[in-house]
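With mmCIF, C-alpha atoms and all ligand atoms inside, this is upload06.cif:
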```
data_run
loop_
_atom_site.label_atom_id
_atom_site.label_comp_id
_atom_site.auth_asym_id
_atom_site.auth_seq_id
_atom_site.Cartn_x
_atom_site.Cartn_y
_atom_site.Cartn_z
CA MET A 14 -19.40 16.07 1.43
CA LYS A 15 -17.25 13.07 2.20
CA LEU A 16 -13.51 13.46 2.62
CA SER A 17 -11.10 11.01 1.04
CA GLU A 18 -8.88 8.86 3.22
CA SER A 19 -5.92 10.95 2.14
CA ASP A 20 -7.62 14.21 3.17
CA ILE A 21 -8.57 12.73 6.54
CA ARG A 22 -5.00 11.60 7.15
CA THR A 23 -3.57 14.95 6.05
CA ILE A 24 -5.83 16.92 8.38
CA LEU A 25 -5.08 14.62 11.31
CA ARG A 26 -1.35 14.98 10.68
CA ALA A 27 -1.58 18.76 10.65
CA ALA A 28 -3.77 18.74 13.76
CA ASP A 29 -1.18 16.66 15.60
CA ASP A 30 1.26 19.57 15.62
CA ILE A 31 -1.14 21.94 17.37
CA ILE A 32 -3.31 19.56 19.34
CA GLY A 33 -4.81 21.24 22.40
CA GLN A 34 -2.84 24.37 21.52
CA GLY A 35 -4.50 25.81 18.46
CA GLY A 36 -7.93 26.24 16.97
CA ARG A 37 -9.61 25.57 13.64
CA SER A 38 -8.27 28.65 11.91
CA LEU A 39 -4.64 27.88 12.80
CA LEU A 40 -5.16 24.33 11.57
CA ALA A 41 -6.59 25.67 8.31
CA LYS A 42 -3.55 27.96 7.91
CA ILE A 43 -1.13 25.05 8.25
CA LEU A 44 -3.02 23.10 5.60
CA LYS A 45 -3.19 26.15 3.37
CA GLY A 46 0.53 26.80 3.78
CA SER A 47 0.18 30.23 5.31
CA ARG A 48 3.30 32.36 5.90
CA GLU A 49 1.67 34.06 8.86
CA LYS A 50 3.92 34.89 11.80
CA LYS A 51 2.34 32.45 14.21
CA VAL A 52 2.70 29.59 11.74
CA LEU A 53 6.38 30.31 11.18
CA GLN A 54 7.11 31.11 14.81
CA TYR A 55 5.98 27.63 15.89
CA GLU A 56 7.75 26.07 12.88
CA LEU A 57 4.46 24.69 11.64
CA ASP A 58 5.83 25.02 8.11
CA GLN A 59 7.93 21.96 9.03
CA CYS A 60 4.82 19.82 9.38
CA PRO A 61 4.54 17.24 6.56
CA ALA A 62 0.94 18.37 6.03
CA TYR A 63 1.94 22.03 5.64
CA GLY A 64 0.54 23.51 2.44
CA CYS A 65 -1.14 20.26 1.38
CA PHE A 66 -4.31 22.20 0.56
CA HIS A 67 -2.54 25.29 -0.81
CA SER A 68 -4.73 25.50 -3.90
CA ALA A 69 -8.02 25.30 -1.96
CA LYS A 70 -9.87 28.35 -0.66
CA LEU A 71 -9.44 28.96 3.05
CA GLN A 72 -13.17 28.57 3.64
CA ASP A 73 -13.12 25.19 1.88
CA VAL A 74 -10.30 24.07 4.14
CA ILE A 75 -12.29 25.18 7.19
CA ASP A 76 -15.31 23.26 5.84
CA LYS A 77 -13.15 20.14 5.62
CA ILE A 78 -12.04 20.64 9.23
CA ASP A 79 -15.65 21.06 10.31
CA TRP A 80 -16.52 17.86 8.50
CA MET A 81 -13.77 16.17 10.54
CA ILE A 82 -15.43 17.49 13.69
CA ASP A 83 -18.92 16.37 12.60
CA TYR A 84 -17.68 12.90 11.67
CA ASP A 85 -15.94 12.34 14.99
CA PHE A 86 -12.28 12.64 14.01
CA LEU A 87 -11.62 15.91 15.81
CA ASP A 88 -13.29 17.80 18.59
CA ILE A 89 -13.18 21.26 20.11
CA GLU A 90 -12.27 21.79 23.73
CA TYR A 91 -11.98 25.04 25.54
CA SER A 92 -8.72 26.05 27.13
CA GLY A 93 -9.85 29.07 29.09
CA LYS A 94 -11.73 31.08 26.48
CA LEU A 95 -9.93 29.64 23.51
CA PRO A 96 -11.44 26.83 21.45
CA MET A 97 -8.74 24.23 20.79
CA VAL A 98 -8.70 21.34 18.38
CA VAL A 99 -8.33 17.94 20.06
CA PHE A 100 -8.43 14.37 18.78
CA THR A 101 -11.39 12.13 19.36
CA GLU A 102 -10.55 8.52 20.19
CA ARG A 103 -11.13 7.67 16.52
CA GLY A 104 -8.92 10.49 15.31
CA TRP A 105 -6.07 9.57 17.62
CA GLN A 106 -6.29 5.91 16.71
CA ILE A 107 -5.61 6.81 13.07
CA GLU A 108 -3.06 9.50 13.80
CA SER A 109 -1.00 7.47 16.29
CA ASP A 110 -0.81 4.69 13.71
CA GLN A 111 0.34 6.94 10.88
CA ARG A 112 2.71 8.78 13.19
CA ALA A 113 4.36 5.47 14.11
CA ASP A 114 4.66 4.75 10.37
CA GLU A 115 6.23 8.16 9.90
CA LEU A 116 8.89 7.40 12.52
CA LEU A 117 9.63 4.10 10.84
CA SER A 118 10.02 5.64 7.41
CA GLU A 119 12.36 8.20 8.93
CA TRP A 120 14.54 5.36 10.24
CA ASN A 121 14.45 3.78 6.81
CA GLN A 122 15.76 6.95 5.34
CA TRP A 123 18.53 7.15 7.92
CA VAL A 124 19.54 3.56 7.26
CA ALA A 125 19.62 4.31 3.54
CA GLU A 126 21.81 7.35 4.20
CA GLY A 127 24.08 5.22 6.41
CA ARG A 128 23.47 7.42 9.41
CA GLN A 129 25.18 6.01 12.50
CA SER A 130 24.13 6.42 16.14
CA PRO A 131 21.72 9.33 15.77
CA ASP A 132 20.59 11.12 18.92
CA MET A 133 17.46 9.28 20.05
CA GLY A 134 16.40 11.96 22.52
CA TYR A 135 13.61 13.01 20.17
CA LEU A 136 11.76 9.77 20.96
CA LYS A 137 11.69 10.36 24.68
CA ASP A 138 8.60 11.89 26.32
CA ARG A 139 6.44 11.24 23.28
CA ASN A 140 2.98 9.79 23.63
CA ARG A 141 3.58 6.37 25.19
CA GLN A 142 0.92 4.51 23.25
CA MET A 143 2.26 5.79 19.94
CA ILE A 144 5.84 4.95 20.90
CA LEU A 145 4.93 1.38 21.89
CA LEU A 146 3.09 1.01 18.60
CA PHE A 147 6.19 2.24 16.78
CA ILE A 148 8.33 -0.38 18.56
CA GLU A 149 5.77 -3.01 17.59
CA LYS A 150 5.97 -1.92 13.97
CA VAL A 151 9.76 -2.09 14.05
CA ARG A 152 9.47 -5.64 15.31
CA GLU A 153 6.96 -6.51 12.59
CA THR A 154 9.46 -5.59 9.88
CA GLN A 155 11.61 -8.52 11.09
CA ASP A 156 14.51 -6.49 9.77
CA ARG A 157 17.76 -6.43 11.73
CA LYS A 158 18.93 -3.20 10.16
CA TYR A 159 17.15 -1.30 12.94
CA ILE A 160 18.96 -3.03 15.80
CA SER A 161 21.71 -0.44 16.18
CA TYR A 162 19.13 2.37 16.44
CA LEU A 163 17.17 0.38 18.98
CA GLN A 164 20.34 -0.06 21.01
CA GLU A 165 21.01 3.67 20.97
CA TRP A 166 17.44 4.37 21.97
CA GLU A 167 17.48 1.79 24.75
CA LYS A 168 20.25 3.76 26.46
CA ILE A 169 18.14 6.84 27.00
CA ASP A 170 14.47 5.96 27.45
CA TYR A 171 12.43 5.01 30.51
CA LYS A 172 12.18 1.56 32.03
CA LYS A 173 8.92 0.43 30.44
CA VAL A 174 9.97 1.56 26.98
CA ARG A 175 13.47 0.09 27.49
CA ALA A 176 11.94 -3.29 28.27
CA GLU A 177 9.96 -3.21 25.01
CA ILE A 178 13.02 -2.15 23.04
CA ARG A 179 15.07 -4.97 24.59
CA ALA A 180 12.39 -7.54 23.78
CA THR A 181 12.24 -6.25 20.21
CA ILE A 182 16.00 -6.45 19.74
CA LYS A 183 15.87 -10.05 20.96
CA ALA A 184 12.98 -10.87 18.65
CA LEU A 185 14.80 -9.38 15.66
CA GLU A 186 18.02 -11.20 16.52
CA ALA A 187 16.17 -14.48 16.91
CA ASN A 188 14.04 -13.78 13.84
CA ASP A 189 10.90 -14.54 15.85
CA PRO A 190 7.73 -14.99 13.81
CA ILE A 191 5.19 -12.20 14.04
CA ASN A 192 1.52 -12.57 14.81
CA GLN A 193 -0.14 -11.79 11.48
CA GLU A 194 -3.54 -11.87 13.09
CA VAL A 195 -2.67 -8.92 15.33
CA VAL A 196 -1.32 -6.96 12.35
CA GLN A 197 -4.41 -7.73 10.29
CA LYS A 198 -6.74 -6.78 13.11
CA ARG A 199 -5.02 -3.45 13.56
CA LYS A 200 -5.28 -2.70 9.83
CA GLU A 201 -8.97 -3.53 9.79
CA SER A 202 -9.59 -1.44 12.85
CA ILE A 203 -7.92 1.58 11.22
CA LYS A 204 -9.90 1.06 8.06
CA GLU A 205 -13.09 1.01 10.07
CA ALA A 206 -12.10 4.13 12.00
CA LEU A 207 -11.47 5.94 8.71
CA GLU A 208 -15.15 5.54 7.85
CA GLY A 209 -15.97 8.13 10.49
CA SER A 210 -19.27 8.38 12.26
CA ALA A 211 -22.00 10.32 10.48
CA PRO A 212 -23.84 12.66 12.83
CA GLN A 213 -27.40 11.65 13.70
CA ASP A 214 -30.24 13.28 15.57
CA LEU A 215 -30.08 12.31 19.23
CA LEU A 216 -32.96 11.83 21.59
CA LEU A 217 -32.10 13.34 24.95
CA LYS A 218 -34.02 13.37 28.20
CA CYS A 219 -34.71 16.71 29.85
CA TRP A 220 -33.26 16.94 33.36
CA GLU A 221 -36.04 19.20 34.49
CA CYS A 222 -39.35 17.92 33.09
CA GLY A 223 -38.16 14.45 32.05
CA LYS A 224 -39.54 14.83 28.51
CA ARG A 225 -37.59 13.48 25.55
CA PHE A 226 -36.35 16.06 23.09
CA THR A 227 -34.46 15.91 19.82
CA PHE A 228 -30.93 17.24 19.66
CA THR A 229 -30.64 17.72 15.92
CA VAL A 230 -27.55 17.29 13.75
CA GLY A 231 -27.56 21.03 13.12
CA GLU A 232 -27.68 21.83 16.82
CA GLN A 233 -24.96 19.28 17.52
CA HIS A 234 -22.81 20.94 14.88
CA PHE A 235 -23.29 24.31 16.54
CA TYR A 236 -22.59 22.93 20.01
CA LYS A 237 -19.43 21.16 18.81
CA GLN A 238 -18.06 24.27 17.14
CA LYS A 239 -18.58 26.12 20.38
CA GLY A 240 -17.13 23.32 22.46
CA PHE A 241 -20.35 23.09 24.49
CA VAL A 242 -21.53 19.89 26.17
CA HIS A 243 -24.94 18.46 25.27
CA PRO A 244 -27.95 20.48 26.46
CA LYS A 245 -29.48 19.20 29.67
CA ARG A 246 -32.92 20.71 29.26
CA CYS A 247 -35.59 20.73 26.55
CA GLU A 248 -36.28 23.97 24.71
CA GLU A 249 -39.37 24.80 26.79
CA CYS A 250 -37.51 24.41 30.07
CA ARG A 251 -34.56 26.34 28.68
CA ASP A 252 -36.86 29.19 27.56
CA ARG A 253 -38.55 29.24 30.93
CA ARG A 254 -35.21 29.34 32.70
CA TYR A 255 -33.29 31.79 30.55
CA GLY A 256 -35.97 33.46 28.44
ZN ZN A 301 -37.96 20.10 29.94
#
```

Rewrite the structure of this file - the entire thing - as structure tokens.
Amino acid sequence: MKLSESDIRTILRAADDIIGQGGRSLLAKILKGSREKKVLQYELDQCPAYGCFHSAKLQDVIDKIDWMIDYDFLDIEYSGKLPMVVFTERGWQIESDQRADELLSEWNQWVAEGRQSPDMGYLKDRNRQMILLFIEKVRETQDRKYISYLQEWEKIDYKKVRAEIRATIKALEANDPINQEVVQKRKESIKEALEGSAPQDLLLKCWECGKRFTFTVGEQHFYKQKGFVHPKRCEECRDRRYG
């Protein structure tokens, strides 16, 4: 199985709304468009990825999520006894980029609707890296229509973000050229990230006897699902210890 770019993006978008707070089955329910209480209670039906896989079987959706885990887009981490979905570095790189695009298209819509001085509070306390990327993307449009929103936003955000907003307003006013190389590099980097990383057998060294042992793809899959770290000992040492 290999997921399409669109499937990968959809799953990452859905995961973003429950990251560190929900597991694989909740993620599958969002994608499936479930009307279950928990989904509605947390307003997960508002997620743009809600119901995107409504015609697929639940098990097929879970298989897609597991593929995302195997290919290094998502990971499982335990919060107490509960296995939670988290982003890998690769997954977050893609998601933060598309999330910034989502914010920009929202502004576009507002501009088109002629919406004046919206409350910018929703942008505060968001992931800083994503927010700075969003500001960068606003600047890259070289479009002055966003200046009034930036001015509203500048009033309420923290110092570091304010400084970036200010610089962006100036750049838009002055019609500063943008660095195409940076834009191109970012696009290429996202494209590369979307390839994922196919799981491979790993050769690990046993802590106890020092022998090399193979940590197979299948075992890795199992360990990841369980949120376990890599085994420290070879099978023989493990058997001796726990068997
Ligand atoms: Zn050993």

If you count only C-alpha atoms and all ligand atoms, the residue of A:Arg139, A:Lys45, A:Lys245, A:Arg199 closest to ligand ZN 301 (chain A) turns out to be A:Lys245

For chain A against ligand ZN 301 (chain A), with a cut-off of 10 Å and counting only C-alpha atoms and all ligand atoms, what is the closest atom pair and its distance in Å to one decimal for every residue that makes the cut, ordered by chain and number, as a tab-separated table?
```
residue	atom	partner	partner_atom	distance
A:Lys218	CA	A:ZN301	ZN	8.0
A:Cys219	CA	A:ZN301	ZN	4.7
A:Trp220	CA	A:ZN301	ZN	6.6
A:Glu221	CA	A:ZN301	ZN	5.0
A:Cys222	CA	A:ZN301	ZN	4.1
A:Gly223	CA	A:ZN301	ZN	6.0
A:Lys224	CA	A:ZN301	ZN	5.7
A:Arg225	CA	A:ZN301	ZN	8.0
A:Phe226	CA	A:ZN301	ZN	8.1
A:Lys245	CA	A:ZN301	ZN	8.5
A:Arg246	CA	A:ZN301	ZN	5.1
A:Cys247	CA	A:ZN301	ZN	4.2
A:Glu248	CA	A:ZN301	ZN	6.7
A:Glu249	CA	A:ZN301	ZN	5.8
A:Cys250	CA	A:ZN301	ZN	4.3
A:Arg251	CA	A:ZN301	ZN	7.2
A:Asp252	CA	A:ZN301	ZN	9.5
A:Arg253	CA	A:ZN301	ZN	9.2
```

Counting only C-alpha atoms, the option among A:Met97, A:Val230, A:Ile75, A:Leu16 closest to Asp29 in chain A:
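Checking each of A:Met97, A:Val230, A:Ile75, A:Leu16 against Asp29 in chain A, counting only C-alpha atoms, the winner is A:Met97.
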
A:Lys51, A:Arg103, A:Lys15, A:Arg179: which is nearest Ile31 in chain A, counting only C-alpha atoms?
A:Lys51

Using only C-alpha atoms, what residues lie at most 12 Å away from (-20.5, 18.7, 27.8) (file coordinates), given as a list in words?
Asp88, Ile89, Glu90, Tyr91, Gln233, Tyr236, Lys237, Lys239, Gly240, Phe241, Val242, His243, Pro244 and Lys245 of chain A

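Distances to Val99 in chain A were evaluated for A:Glu205, A:Glu126, A:Glu177, A:Asp30 using all atoms listed in the file, and the minimum falls at A:Asp30.
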
Between CA of Ile182 in chain A and CA of Ile160 in chain A, what distance in Å does the model show, to one decimal?
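Interatomic distance here is 6.0 Å.
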